[in-house]
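Visitor: I am sharing my_file22.txt, which consists of compact mmCIF, C-alpha atoms and all ligand atoms:
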```txt
# COMPACT_ATOMS: atom_id res chain seq x y z
CA MET A 1 2.95 39.97 -12.10
CA THR A 2 2.41 36.60 -13.70
CA LYS A 3 0.46 34.11 -11.71
CA GLN A 4 2.46 31.39 -9.95
CA ARG A 5 1.30 28.21 -11.65
CA LYS A 6 0.79 25.11 -9.55
CA ALA A 7 0.93 21.42 -10.38
CA VAL A 8 0.22 18.28 -8.45
CA ALA A 9 2.48 15.29 -9.11
CA LEU A 10 1.36 11.70 -8.67
CA ILE A 11 4.07 10.34 -6.39
CA SER A 12 4.37 6.57 -6.24
CA GLY A 13 7.71 6.59 -4.49
CA GLY A 14 9.58 5.30 -7.53
CA LEU A 15 12.19 7.05 -9.60
CA ASP A 16 9.98 8.08 -12.53
CA SER A 17 7.53 10.14 -10.53
CA LEU A 18 10.41 11.71 -8.63
CA LEU A 19 12.11 12.79 -11.87
CA ALA A 20 8.89 13.98 -13.47
CA ALA A 21 8.12 16.25 -10.52
CA LYS A 22 11.68 17.53 -10.45
CA VAL A 23 11.66 18.41 -14.16
CA ILE A 24 8.58 20.57 -13.68
CA GLN A 25 9.88 22.10 -10.46
CA GLU A 26 12.99 23.16 -12.36
CA GLN A 27 10.75 25.14 -14.67
CA GLY A 28 9.61 27.33 -11.79
CA ILE A 29 6.26 25.66 -11.15
CA HIS A 30 5.01 25.20 -7.57
CA VAL A 31 4.67 21.43 -7.20
CA GLU A 32 2.94 19.41 -4.50
CA GLY A 33 2.67 15.64 -4.40
CA ILE A 34 -0.31 13.32 -4.13
CA ASN A 35 -0.08 9.66 -3.25
CA PHE A 36 -3.00 7.26 -3.40
CA PHE A 37 -3.28 4.36 -1.00
CA THR A 38 -5.25 1.48 -2.48
CA GLY A 39 -4.44 -1.13 0.16
CA PHE A 40 -2.41 -3.11 -2.37
CA CYS A 41 0.61 -0.83 -2.33
CA VAL A 42 3.82 -2.73 -1.71
CA GLU A 43 4.88 0.01 0.69
CA GLY A 44 6.65 -1.69 3.54
CA HIS A 45 3.90 -3.99 4.77
CA THR A 46 5.59 -7.34 4.65
CA HIS A 47 8.52 -5.37 5.91
CA ALA A 48 6.59 -4.14 8.91
CA ILE A 49 5.27 -7.62 9.60
CA ARG A 50 8.18 -9.96 9.07
CA GLN A 51 10.69 -10.05 11.87
CA LYS A 52 13.72 -10.68 9.71
CA ASP A 53 13.02 -7.58 7.64
CA ARG A 54 12.68 -5.30 10.61
CA SER A 55 16.37 -4.71 11.07
CA ARG A 56 16.65 -3.03 7.71
CA PRO A 57 15.84 0.68 7.79
CA LYS A 58 12.30 1.16 6.66
CA ARG A 59 10.96 4.20 4.96
CA ASN A 60 7.89 5.21 3.07
CA ASN A 61 9.20 5.94 -0.39
CA ALA A 62 6.54 8.48 -1.29
CA LEU A 63 7.36 10.52 1.82
CA TRP A 64 11.06 10.15 1.08
CA VAL A 65 10.57 11.40 -2.48
CA ALA A 66 8.57 14.39 -1.26
CA GLU A 67 11.31 15.22 1.19
CA GLN A 68 13.96 15.01 -1.54
CA LEU A 69 11.93 17.39 -3.65
CA GLY A 70 11.06 19.66 -0.75
CA ILE A 71 7.35 19.44 -1.56
CA LYS A 72 4.22 18.79 0.44
CA LEU A 73 2.67 15.35 0.09
CA HIS A 74 -1.03 14.60 0.35
CA ILE A 75 -1.72 10.93 1.00
CA VAL A 76 -5.22 9.92 0.04
CA ASP A 77 -7.01 6.79 1.21
CA ILE A 78 -8.90 5.41 -1.80
CA ILE A 79 -9.38 1.89 -0.46
CA GLU A 80 -13.19 1.85 -0.82
CA GLU A 81 -13.51 3.57 -4.18
CA TYR A 82 -10.68 1.56 -5.64
CA LYS A 83 -12.57 -1.72 -5.21
CA ASP A 84 -14.63 -1.05 -8.29
CA VAL A 85 -11.42 -0.65 -10.32
CA VAL A 86 -10.25 -4.07 -9.12
CA PHE A 87 -13.62 -5.77 -9.59
CA ASN A 88 -14.68 -4.34 -12.95
CA PRO A 89 -11.76 -3.04 -14.96
CA LYS A 90 -13.19 -1.78 -18.26
CA HIS A 91 -9.85 -2.40 -19.95
CA GLY A 92 -9.24 -5.75 -18.27
CA TYR A 93 -6.39 -7.12 -16.22
CA GLY A 94 -2.70 -7.35 -17.02
CA ALA A 95 -0.65 -10.52 -16.57
CA ASN A 96 -2.12 -10.96 -13.07
CA LEU A 97 -5.01 -9.22 -11.32
CA ASN A 98 -3.49 -5.81 -12.02
CA PRO A 99 -5.98 -3.49 -13.71
CA CYS A 100 -3.21 -1.04 -14.64
CA LEU A 101 -4.94 1.01 -17.29
CA ASP A 102 -8.14 1.52 -15.29
CA CYS A 103 -6.01 2.16 -12.22
CA LYS A 104 -4.07 4.93 -13.95
CA ILE A 105 -7.27 6.47 -15.30
CA PHE A 106 -8.81 6.37 -11.84
CA MET A 107 -5.81 7.95 -10.13
CA VAL A 108 -5.49 10.72 -12.68
CA LYS A 109 -9.23 11.34 -12.38
CA LYS A 110 -8.89 11.66 -8.59
CA ALA A 111 -5.93 14.00 -9.08
CA PHE A 112 -7.99 16.03 -11.51
CA GLU A 113 -10.77 16.41 -8.95
CA TRP A 114 -8.12 17.42 -6.43
CA ILE A 115 -6.63 20.17 -8.62
CA GLU A 116 -10.09 21.57 -9.26
CA GLU A 117 -10.86 21.69 -5.55
CA ASN A 118 -7.48 23.14 -4.63
CA ASP A 119 -7.06 25.60 -7.47
CA PHE A 120 -4.04 23.94 -9.07
CA ASP A 121 -3.38 24.20 -12.80
CA PHE A 122 -2.22 20.81 -13.99
CA ILE A 123 -1.18 17.23 -13.17
CA ILE A 124 2.20 15.53 -13.56
CA THR A 125 2.85 11.80 -13.83
CA GLY A 126 6.06 9.86 -14.35
CA GLU A 127 4.65 7.79 -17.21
CA VAL A 128 6.98 6.92 -20.06
CA VAL A 129 5.79 5.82 -23.50
CA GLY A 130 6.43 2.12 -23.98
CA GLN A 131 7.57 1.51 -20.42
CA ARG A 132 4.76 -0.78 -19.33
CA PRO A 133 2.90 -3.24 -21.51
CA MET A 134 -0.59 -2.10 -20.56
CA SER A 135 -0.89 1.40 -19.23
CA GLN A 136 2.14 3.09 -20.73
CA ARG A 137 1.83 2.49 -24.45
CA LYS A 138 1.69 5.13 -27.13
CA ASP A 139 -1.95 4.20 -27.79
CA THR A 140 -3.07 3.92 -24.14
CA MET A 141 -1.48 7.06 -22.72
CA PRO A 142 -3.99 9.29 -24.55
CA VAL A 143 -6.76 7.06 -23.16
CA VAL A 144 -5.64 7.94 -19.63
CA ALA A 145 -5.72 11.65 -20.49
CA ARG A 146 -9.15 11.38 -22.10
CA ASP A 147 -11.00 9.00 -19.77
CA SER A 148 -9.74 10.65 -16.60
CA GLY A 149 -11.15 13.98 -17.76
CA ALA A 150 -7.76 15.64 -17.24
CA ALA A 151 -7.24 15.90 -21.03
CA ASP A 152 -4.50 18.42 -21.84
CA ARG A 153 -3.96 19.29 -18.20
CA LEU A 154 -2.04 16.06 -17.83
CA VAL A 155 1.71 16.41 -18.42
CA ARG A 156 4.18 13.52 -18.64
CA PRO A 157 7.48 15.37 -18.47
CA LEU A 158 9.67 12.31 -19.15
CA SER A 159 7.93 11.56 -22.44
CA GLY A 160 6.37 14.93 -23.18
CA GLN A 161 8.25 15.40 -26.43
CA ASN A 162 6.69 12.21 -27.79
CA LEU A 163 3.17 13.22 -26.90
CA PRO A 164 0.72 15.90 -28.09
CA VAL A 165 1.23 19.44 -26.81
CA THR A 166 -0.50 20.06 -23.48
CA LEU A 167 -2.20 23.14 -22.11
CA PRO A 168 0.70 24.21 -19.85
CA GLU A 169 3.02 24.12 -22.88
CA ARG A 170 0.59 26.02 -25.07
CA GLU A 171 0.07 28.67 -22.43
CA GLY A 172 3.81 29.02 -21.92
CA TRP A 173 3.70 27.96 -18.26
CA ILE A 174 6.28 25.31 -19.09
CA SER A 175 8.59 24.89 -22.04
CA ARG A 176 8.39 21.82 -24.27
CA ASP A 177 12.15 22.01 -24.73
CA GLY A 178 12.56 21.42 -21.02
CA LEU A 179 10.65 18.12 -21.26
CA TYR A 180 12.14 14.79 -22.33
CA GLY A 181 11.47 12.25 -25.05
CA PHE A 182 12.06 9.00 -23.20
CA ASN A 183 10.67 5.96 -24.91
CA GLY A 184 10.68 2.22 -24.26
CA ARG A 185 11.61 -0.08 -21.45
CA SER A 186 15.22 0.97 -20.92
CA ARG A 187 15.88 2.55 -17.53
CA LYS A 188 19.15 4.12 -18.59
CA PRO A 189 17.79 7.59 -19.48
CA GLN A 190 16.07 7.83 -16.09
CA MET A 191 19.23 6.81 -14.29
CA ALA A 192 21.28 9.34 -16.22
CA LEU A 193 18.78 12.08 -15.42
CA ALA A 194 18.81 11.10 -11.75
CA LYS A 195 22.56 11.44 -11.78
CA GLN A 196 22.32 14.82 -13.43
CA PHE A 197 20.01 15.96 -10.64
CA GLY A 198 22.40 14.53 -8.05
CA LEU A 199 19.83 12.01 -6.85
CA GLU A 200 21.01 8.77 -5.32
CA ASP A 201 19.47 6.11 -3.13
CA TYR A 202 16.11 6.23 -4.86
CA ALA A 203 13.72 3.26 -4.70
CA GLN A 204 14.22 0.32 -7.05
CA PRO A 205 13.55 1.67 -10.53
CA ALA A 206 10.27 0.61 -12.11
CA GLY A 207 9.55 -2.05 -9.50
CA GLY A 208 5.93 -3.19 -9.48
CA CYS A 209 4.07 -0.59 -7.49
CA CYS A 210 1.44 -2.89 -6.10
CA PHE A 211 0.71 -6.46 -5.01
CA LEU A 212 -1.77 -6.96 -7.84
CA THR A 213 1.15 -7.43 -10.23
CA ASP A 214 2.41 -10.29 -8.07
CA ALA A 215 1.42 -13.71 -9.45
CA GLN A 216 1.19 -15.47 -6.08
CA TYR A 217 -0.77 -12.67 -4.51
CA SER A 218 -3.21 -12.65 -7.42
CA VAL A 219 -3.77 -16.39 -7.05
CA LYS A 220 -4.66 -15.86 -3.39
CA LEU A 221 -7.04 -13.04 -4.22
CA ALA A 222 -8.72 -15.09 -6.96
CA ASP A 223 -9.07 -17.96 -4.47
CA LEU A 224 -10.74 -15.62 -1.98
CA TRP A 225 -13.25 -14.50 -4.60
CA LYS A 226 -13.96 -18.05 -5.66
CA ALA A 227 -14.55 -19.17 -2.07
CA ARG A 228 -16.92 -16.25 -1.45
CA GLY A 229 -18.75 -16.71 -4.72
CA GLU A 230 -18.21 -13.07 -5.68
CA LYS A 231 -15.51 -10.47 -6.18
CA GLN A 232 -15.36 -8.89 -2.78
CA TYR A 233 -12.79 -7.93 -0.11
CA GLU A 234 -12.25 -5.81 2.95
CA ILE A 235 -8.99 -4.15 3.89
CA ASP A 236 -8.24 -6.84 6.49
CA ASP A 237 -8.63 -9.55 3.82
CA ILE A 238 -6.09 -7.99 1.52
CA MET A 239 -3.66 -7.38 4.38
CA LEU A 240 -3.92 -11.02 5.45
CA LEU A 241 -3.19 -12.16 1.91
CA LYS A 242 0.27 -10.65 2.37
CA VAL A 243 1.02 -12.78 5.41
CA GLY A 244 1.75 -16.44 6.12
CA ARG A 245 1.08 -19.70 4.33
CA HIS A 246 -2.42 -20.05 2.96
CA LEU A 247 -3.88 -23.55 2.61
CA ARG A 248 -7.42 -24.51 1.67
CA PRO A 249 -8.19 -28.06 2.80
CA LYS A 250 -11.88 -27.74 1.89
CA PRO A 251 -13.70 -25.30 -0.38
CA HIS A 252 -15.44 -23.61 2.57
CA PHE A 253 -12.42 -22.80 4.71
CA LYS A 254 -8.76 -21.92 4.54
CA VAL A 255 -6.02 -21.80 7.13
CA ILE A 256 -3.49 -18.99 7.39
CA ILE A 257 -0.34 -20.16 9.16
CA SER A 258 2.39 -17.81 10.34
CA ARG A 259 5.88 -18.58 9.09
CA GLU A 260 7.82 -16.70 11.71
CA GLU A 261 7.43 -14.64 14.85
CA GLY A 262 6.65 -11.32 13.19
CA GLU A 263 3.84 -12.88 11.20
CA GLY A 264 2.61 -14.63 14.34
CA ASN A 265 2.41 -11.28 16.12
CA PHE A 266 0.56 -9.81 13.19
CA LEU A 267 -1.97 -12.65 13.03
CA HIS A 268 -2.36 -12.39 16.81
CA GLY A 269 -4.01 -9.01 16.21
CA TYR A 270 -6.77 -10.79 14.29
CA ARG A 271 -7.36 -13.67 16.69
CA LYS A 272 -10.72 -12.31 17.85
CA GLU A 273 -12.20 -12.17 14.37
CA TYR A 274 -11.23 -15.69 13.31
CA VAL A 275 -11.01 -19.10 14.91
CA ALA A 276 -7.39 -19.04 16.11
CA LEU A 277 -5.17 -22.07 16.57
CA SER A 278 -1.90 -22.31 18.48
CA THR A 279 0.26 -25.16 19.66
CA VAL A 280 0.54 -25.72 23.41
CA SER A 281 2.82 -28.74 23.88
CA HIS A 282 5.43 -27.58 21.38
CA ALA A 283 6.65 -24.33 19.90
CA GLY A 284 4.74 -23.61 16.72
CA PRO A 285 2.95 -21.12 14.56
CA LEU A 286 -0.23 -19.17 15.13
CA ALA A 287 -2.95 -19.90 12.60
CA LEU A 288 -6.33 -18.46 11.71
CA ILE A 289 -9.22 -20.25 10.07
CA GLU A 290 -11.20 -18.28 7.54
CA GLY A 291 -14.65 -19.64 6.77
CA GLU A 292 -17.43 -21.33 8.71
CA VAL A 293 -16.16 -24.54 10.23
CA ASP A 294 -17.47 -27.48 12.28
CA SER A 295 -15.54 -29.57 14.76
CA ALA A 296 -14.22 -31.99 12.11
CA ASP A 297 -12.89 -29.06 10.08
CA ILE A 298 -11.22 -27.63 13.18
CA GLU A 299 -9.59 -30.95 13.91
CA LEU A 300 -8.24 -31.17 10.37
CA ALA A 301 -6.95 -27.61 10.61
CA CYS A 302 -5.24 -28.44 13.92
CA GLN A 303 -3.53 -31.47 12.37
CA LEU A 304 -2.34 -29.26 9.56
CA VAL A 305 -1.00 -26.56 11.88
CA ALA A 306 0.67 -29.18 14.11
CA ARG A 307 2.59 -30.26 11.02
CA TYR A 308 4.34 -26.87 11.05
CA SER A 309 5.19 -27.03 14.78
CA GLN A 310 8.25 -28.44 16.54
CA GLY A 311 6.11 -31.47 17.35
CA LYS A 312 5.55 -32.46 13.74
CA ALA A 313 7.25 -35.85 14.23
CA GLU A 314 5.41 -36.62 17.49
CA ALA A 315 2.39 -38.88 17.87
CA GLN A 316 0.32 -36.14 19.51
CA VAL A 317 0.45 -32.38 19.69
CA GLU A 318 -1.67 -30.35 22.11
CA MET A 319 -3.41 -27.42 20.54
CA ASP A 320 -5.42 -24.48 21.79
CA VAL A 321 -8.46 -23.47 19.79
CA ARG A 322 -9.87 -20.03 20.40
CA HIS A 323 -13.45 -19.95 19.16
CA LEU A 324 -15.21 -16.87 17.86
CA ASP A 325 -17.17 -16.50 21.12
CA GLY A 326 -13.88 -16.21 23.04
CA THR A 327 -13.99 -19.67 24.60
CA HIS A 328 -10.92 -21.87 24.48
CA GLN A 329 -10.78 -25.57 23.78
CA GLN A 330 -7.79 -27.89 24.14
CA VAL A 331 -7.42 -30.59 21.54
CA SER A 332 -4.84 -33.27 21.02
CA VAL A 333 -4.08 -34.20 17.41
CA LYS A 334 -1.74 -36.27 15.34
CA PRO A 335 0.18 -33.96 12.97
CA LEU A 336 -0.41 -34.60 9.29
CA SER A 337 2.57 -36.03 7.50
CA SER A 338 3.89 -33.91 4.66
CA ASP A 339 2.67 -36.38 2.02
CA ALA A 340 -0.83 -36.19 3.50
CA ILE A 341 -1.01 -32.54 2.46
CA PRO A 342 -2.05 -32.43 -1.19
CA GLN A 343 -0.31 -29.85 -3.32
CA ALA A 344 -3.73 -28.52 -4.28
CA TRP A 345 -4.27 -27.24 -0.73
CA TYR A 346 -1.51 -24.67 -1.12
CA ILE A 347 -2.86 -21.40 -2.44
CA MET B 1 -3.07 22.39 25.85
CA LYS B 2 -5.54 20.26 23.98
CA THR B 3 -4.37 16.83 22.83
CA VAL B 4 -6.34 14.67 20.43
CA ILE B 5 -5.67 10.93 20.45
CA VAL B 6 -5.47 9.08 17.14
CA ASP B 7 -5.77 5.34 17.67
CA ALA B 8 -3.80 3.81 14.77
CA ARG B 9 -3.21 0.43 16.43
CA ARG B 10 -3.06 -2.50 14.00
CA LEU B 11 -2.96 -0.19 11.02
CA LEU B 12 -0.05 -0.55 8.67
CA CYS B 13 1.71 2.37 7.08
CA PRO B 14 0.74 4.61 5.48
CA MET B 15 -2.65 4.37 7.24
CA PRO B 16 -1.34 5.83 10.53
CA VAL B 17 0.09 8.77 8.57
CA ILE B 18 -3.22 9.25 6.76
CA ARG B 19 -5.10 9.21 10.08
CA VAL B 20 -2.76 11.83 11.55
CA GLN B 21 -2.88 13.93 8.38
CA ASN B 22 -6.67 13.94 8.26
CA GLN B 23 -6.94 14.76 11.97
CA VAL B 24 -4.39 17.58 11.77
CA LYS B 25 -6.36 19.14 8.90
CA GLU B 26 -9.32 19.60 11.23
CA LEU B 27 -7.41 21.20 14.11
CA PRO B 28 -6.25 24.71 14.93
CA ALA B 29 -2.56 25.57 15.35
CA GLY B 30 -1.10 24.68 18.72
CA THR B 31 -3.25 21.56 19.19
CA ARG B 32 -1.39 18.34 19.76
CA VAL B 33 -2.13 15.00 18.18
CA GLU B 34 -0.96 11.84 19.91
CA ALA B 35 -0.87 8.86 17.56
CA ILE B 36 -0.76 5.38 19.08
CA CYS B 37 0.61 2.89 16.57
CA THR B 38 1.67 -0.73 16.42
CA ASP B 39 3.51 -0.55 13.09
CA PRO B 40 7.07 0.55 13.90
CA GLY B 41 7.20 2.17 10.45
CA ALA B 42 5.16 5.00 11.96
CA LEU B 43 8.25 6.04 13.93
CA ASN B 44 9.86 7.07 10.65
CA ASP B 45 6.86 7.98 8.59
CA ILE B 46 5.01 10.35 10.91
CA PRO B 47 8.15 12.43 11.66
CA ALA B 48 8.92 12.52 7.91
CA TRP B 49 5.37 13.66 7.25
CA CYS B 50 5.82 16.43 9.87
CA ARG B 51 9.03 17.68 8.27
CA ILE B 52 7.47 17.74 4.82
CA ASN B 53 4.29 19.48 5.84
CA GLY B 54 5.78 21.85 8.39
CA HIS B 55 4.24 20.47 11.59
CA LYS B 56 6.18 20.10 14.81
CA LEU B 57 7.26 16.72 16.14
CA ILE B 58 7.09 16.87 19.93
CA GLU B 59 8.18 13.36 20.85
CA THR B 60 8.26 9.70 19.91
CA ARG B 61 8.31 6.95 22.50
CA THR B 62 7.77 3.22 22.79
CA GLU B 63 5.51 1.78 25.48
CA ASN B 64 4.56 -1.91 25.71
CA ASN B 65 5.19 -2.63 22.04
CA GLU B 66 3.21 0.45 21.04
CA TYR B 67 4.73 3.48 19.39
CA ILE B 68 3.52 6.88 20.44
CA ILE B 69 4.16 9.90 18.30
CA VAL B 70 3.13 13.38 19.41
CA VAL B 71 2.73 16.12 16.82
CA GLU B 72 1.86 19.79 17.26
CA VAL B 73 -0.19 21.47 14.57
CA VAL B 74 1.54 24.47 13.01
CA GLU B 75 -0.43 27.13 11.13
CA GLY B 76 -0.39 26.21 7.45
CA ASP B 77 -0.80 28.29 4.37
S1 LIG C 401 0.85 -1.85 -10.72
FE1 LIG C 401 -0.91 -1.61 -9.36
S2 LIG C 401 -0.83 0.54 -8.67
FE2 LIG C 401 0.52 0.36 -10.47
S3 LIG C 401 -0.80 0.95 -12.20
FE3 LIG C 401 -0.89 -1.32 -12.02
S4 LIG C 401 -2.68 -1.69 -10.74
FE4 LIG C 401 -2.15 0.46 -10.47
```
Translate the structure described by the file into C-alpha cells.
Guide:
Amino acid sequence: MTKQRKAVALISGGLDSLLAAKVIQEQGIHVEGINFFTGFCVEGHTHAIRQKDRSRPKRNNALWVAEQLGIKLHIVDIIEEYKDVVFNPKHGYGANLNPCLDCKIFMVKKAFEWIEENDFDFIITGEVVGQRPMSQRKDTMPVVARDSGAADRLVRPLSGQNLPVTLPEREGWISRDGLYGFNGRSRKPQMALAKQFGLEDYAQPAGGCCFLTDAQYSVKLADLWKARGEKQYEIDDIMLLKVGRHLRPKPHFKVIISREEGEGNFLHGYRKEYVALSTVSHAGPLALIEGEVDSADIELACQLVARYSQGKAEAQVEMDVRHLDGTHQQVSVKPLSSDAIPQAWYI
Amino acid sequence: MKTVIVDARRLLCPMPVIRVQNQVKELPAGTRVEAICTDPGALNDIPAWCRINGHKLIETRTENNEYIIVVEVVEGD
C-alpha cells in the first residue's frame, strides 16, 4: 500500500491559504493547518475591544477556514521569537513596518521544523507570484523556499505551474497538472476557483494580514521605539497600540485615551500597570499614562484628558488619578482648549 | 472528574484558544478544562476549536462579564 502523504498548510484565514489547502486536499493528501500568532495579527482584536463592533458576529478566520476544510488546526504562539523578525529584518521593511519577506521566511521555517517533528511530508502556502510587492515576487518566492530551509518541500499550489518543480511533484505524491498558474495582483482567478469549490463567505480577499502593514499603527510603533531609545516591545505594548487615541505631550510620556466604552473597559484592565486617569465630575474617557511622570506631567495629562470629557467647556473638571502604588489623588483642572493641543502631540 | 482551570482573563483571541490547546495537549482523555475568559470572542473560538480538533464542548456560560467555557479532552490520534 502506498504511504498516505501528509502536508501542513499555513492558514492565515484569508482566501488564498484556504484555496491552496483545498487544492492539495483534492489530490488525496492528508492536510492539517498551522496558524502563527505574532501578536500583530488583525484577527478580531479591535473587534473584541470596541463596543460598536461587538454586535457583528465575530469569528476567528483561521478556525473558520479549518472548519470549512474539515482539517485540524494548530495555532502556534510565536510572539517572543517573532520580535527578532520585526527588529532586524534582513530584507528590510515594506511600505510600513511590515517585514514581509523575513516574516514569510520565518513562518515557513517554523512550519518546516513542525513537519520534521510531526512526520509530515511537505508544506503548503497560498502565495501567488506577483501578488504582493515584497514577499510574493517571482524573484523572492525562491528566497523563501531557500532561506527557510524548506527548499523543494514547499508547495504553492495556486502558482505552482509558474515555479520550479517541487519534491511532492517529482515523487508523484501530487500532480503538477492539478496545480494552478495564477500570476499577478488580480483576485479574479481566486474568486473563480472559490466559486468552483462552492466556497462563499470567506474573509476579505488579500486583506493585510497584520497591523504592521497599517501606516498609523506603524507610526505608533516607531514612536514607542523612539521614546524607549531602542526597538523593543512586550505583548501588552502592541495590544495597547491598537486601542484609543495616543498623544505624546512630552518626549518622556504619552497618554492613551479611550474613545468609547469598549476601549475604556479594555484600558481598565491595565489600570494597575500605568498611572490611570478618569474624570469624576463629568462623564469622560479612561486614560493611561505611559512613561515616568512627575506631578506637573500628571496635571498636563489631566488637562488633556478633561478636554475629551463632557466637561470640556467647563472652567474646572475633577479628575481621579490612580498612582502606580494604588493610591488615589483627586485633582481639579482646566481642560485644554482644542487649539492648545499641538498637532505634533497626536501619534 | 478532574478539572483544570485555564485563566485566560485579559487575553485576546486567539490567545485563550492557544492556552486551551496547549493545556489539552498535556491531559489524558476525560479530563475537563475550564477556561475563564474576558474576550467574548472565546465563546465562538473555543467551541470552533473543539469541533475542529474533536474535543467535547461541555458548556459555555457568562458570569460577571467573564466567559467560562468547559471542554472535555477526547482521545486523539
Ligand atoms: S503582512 Fe504581516 S503577517 Fe503578513 S507577511 Fe507581512 S509582516 Fe507577515
Visitor: Of the candidates A:Asn60, A:Gln27, A:Asn35, A:Gln310, which one gets nearest to chain B if we count all atoms listed in the file?
Guide: A:Asn60
Visitor: Within 6 Å of ligand LIG 401 (chain C) (counting all atoms listed in the file), which residues show up? I'd like them as a PyMOL selection string.
Guide: chain A and resi 98-100+103-104+208-210+212-213
Visitor: Compile the contact shell of Leu57 of chain B as JSON, numbers by chain: residues with an atom at most 10 Å away, counting all atoms listed in the file, same-chain residues fewer than 2 positions apart removed.
Guide: {"B": [32, 33, 46, 47, 48, 49, 50, 51, 54, 55, 59, 60, 69, 70, 71, 72, 73]}
Visitor: Between A:Gly33, A:Ala227, A:Arg322, A:Arg170, which residue has the minimum interatomic distance to Asn53 of chain B, considering all atoms listed in the file?
Guide: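 Of A:Gly33, A:Ala227, A:Arg322, A:Arg170, the one nearest Asn53 of chain B is A:Gly33, counting all atoms listed in the file.
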Visitor: Find, counting all atoms listed in the file, the residue in A:Tyr217, A:Leu15, A:Glu292, A:Gly39 that gets nearest to Leu12 of chain B.
Guide: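 Of A:Tyr217, A:Leu15, A:Glu292, A:Gly39, the one nearest Leu12 of chain B, counting all atoms listed in the file, is A:Gly39.
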Visitor: Using all atoms listed in the file, find all polymer residues with an atom at most 10 Å away from the point (1.6, 5.2, -26.9); report them as a list in words.
Guide: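 Checked against the point, the hits come out as Val128, Val129, Gly130, Gln131, Met134, Ser135, Gln136, Arg137, Lys138, Asp139, Thr140, Met141, Pro142, Val143, Asn162, Leu163, Asn183 and Gly184 of chain A.
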Visitor: Keeping only C-alpha atoms, take the residues you just selected and write them out as a PDB file, in the frame of the given file.
Guide:
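Output below, filename result35.pdb:
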```pdb
ATOM      1  CA  VAL A 128       6.980   6.920 -20.060  1.00  0.00           C
ATOM      2  CA  VAL A 129       5.790   5.820 -23.500  1.00  0.00           C
ATOM      3  CA  GLY A 130       6.430   2.120 -23.980  1.00  0.00           C
ATOM      4  CA  GLN A 131       7.570   1.510 -20.420  1.00  0.00           C
ATOM      5  CA  MET A 134      -0.590  -2.100 -20.560  1.00  0.00           C
ATOM      6  CA  SER A 135      -0.890   1.400 -19.230  1.00  0.00           C
ATOM      7  CA  GLN A 136       2.140   3.090 -20.730  1.00  0.00           C
ATOM      8  CA  ARG A 137       1.830   2.490 -24.450  1.00  0.00           C
ATOM      9  CA  LYS A 138       1.690   5.130 -27.130  1.00  0.00           C
ATOM     10  CA  ASP A 139      -1.950   4.200 -27.790  1.00  0.00           C
ATOM     11  CA  THR A 140      -3.070   3.920 -24.140  1.00  0.00           C
ATOM     12  CA  MET A 141      -1.480   7.060 -22.720  1.00  0.00           C
ATOM     13  CA  PRO A 142      -3.990   9.290 -24.550  1.00  0.00           C
ATOM     14  CA  VAL A 143      -6.760   7.060 -23.160  1.00  0.00           C
ATOM     15  CA  ASN A 162       6.690  12.210 -27.790  1.00  0.00           C
ATOM     16  CA  LEU A 163       3.170  13.220 -26.900  1.00  0.00           C
ATOM     17  CA  ASN A 183      10.670   5.960 -24.910  1.00  0.00           C
ATOM     18  CA  GLY A 184      10.680   2.220 -24.260  1.00  0.00           C
TER      19      GLY A 184
END
```
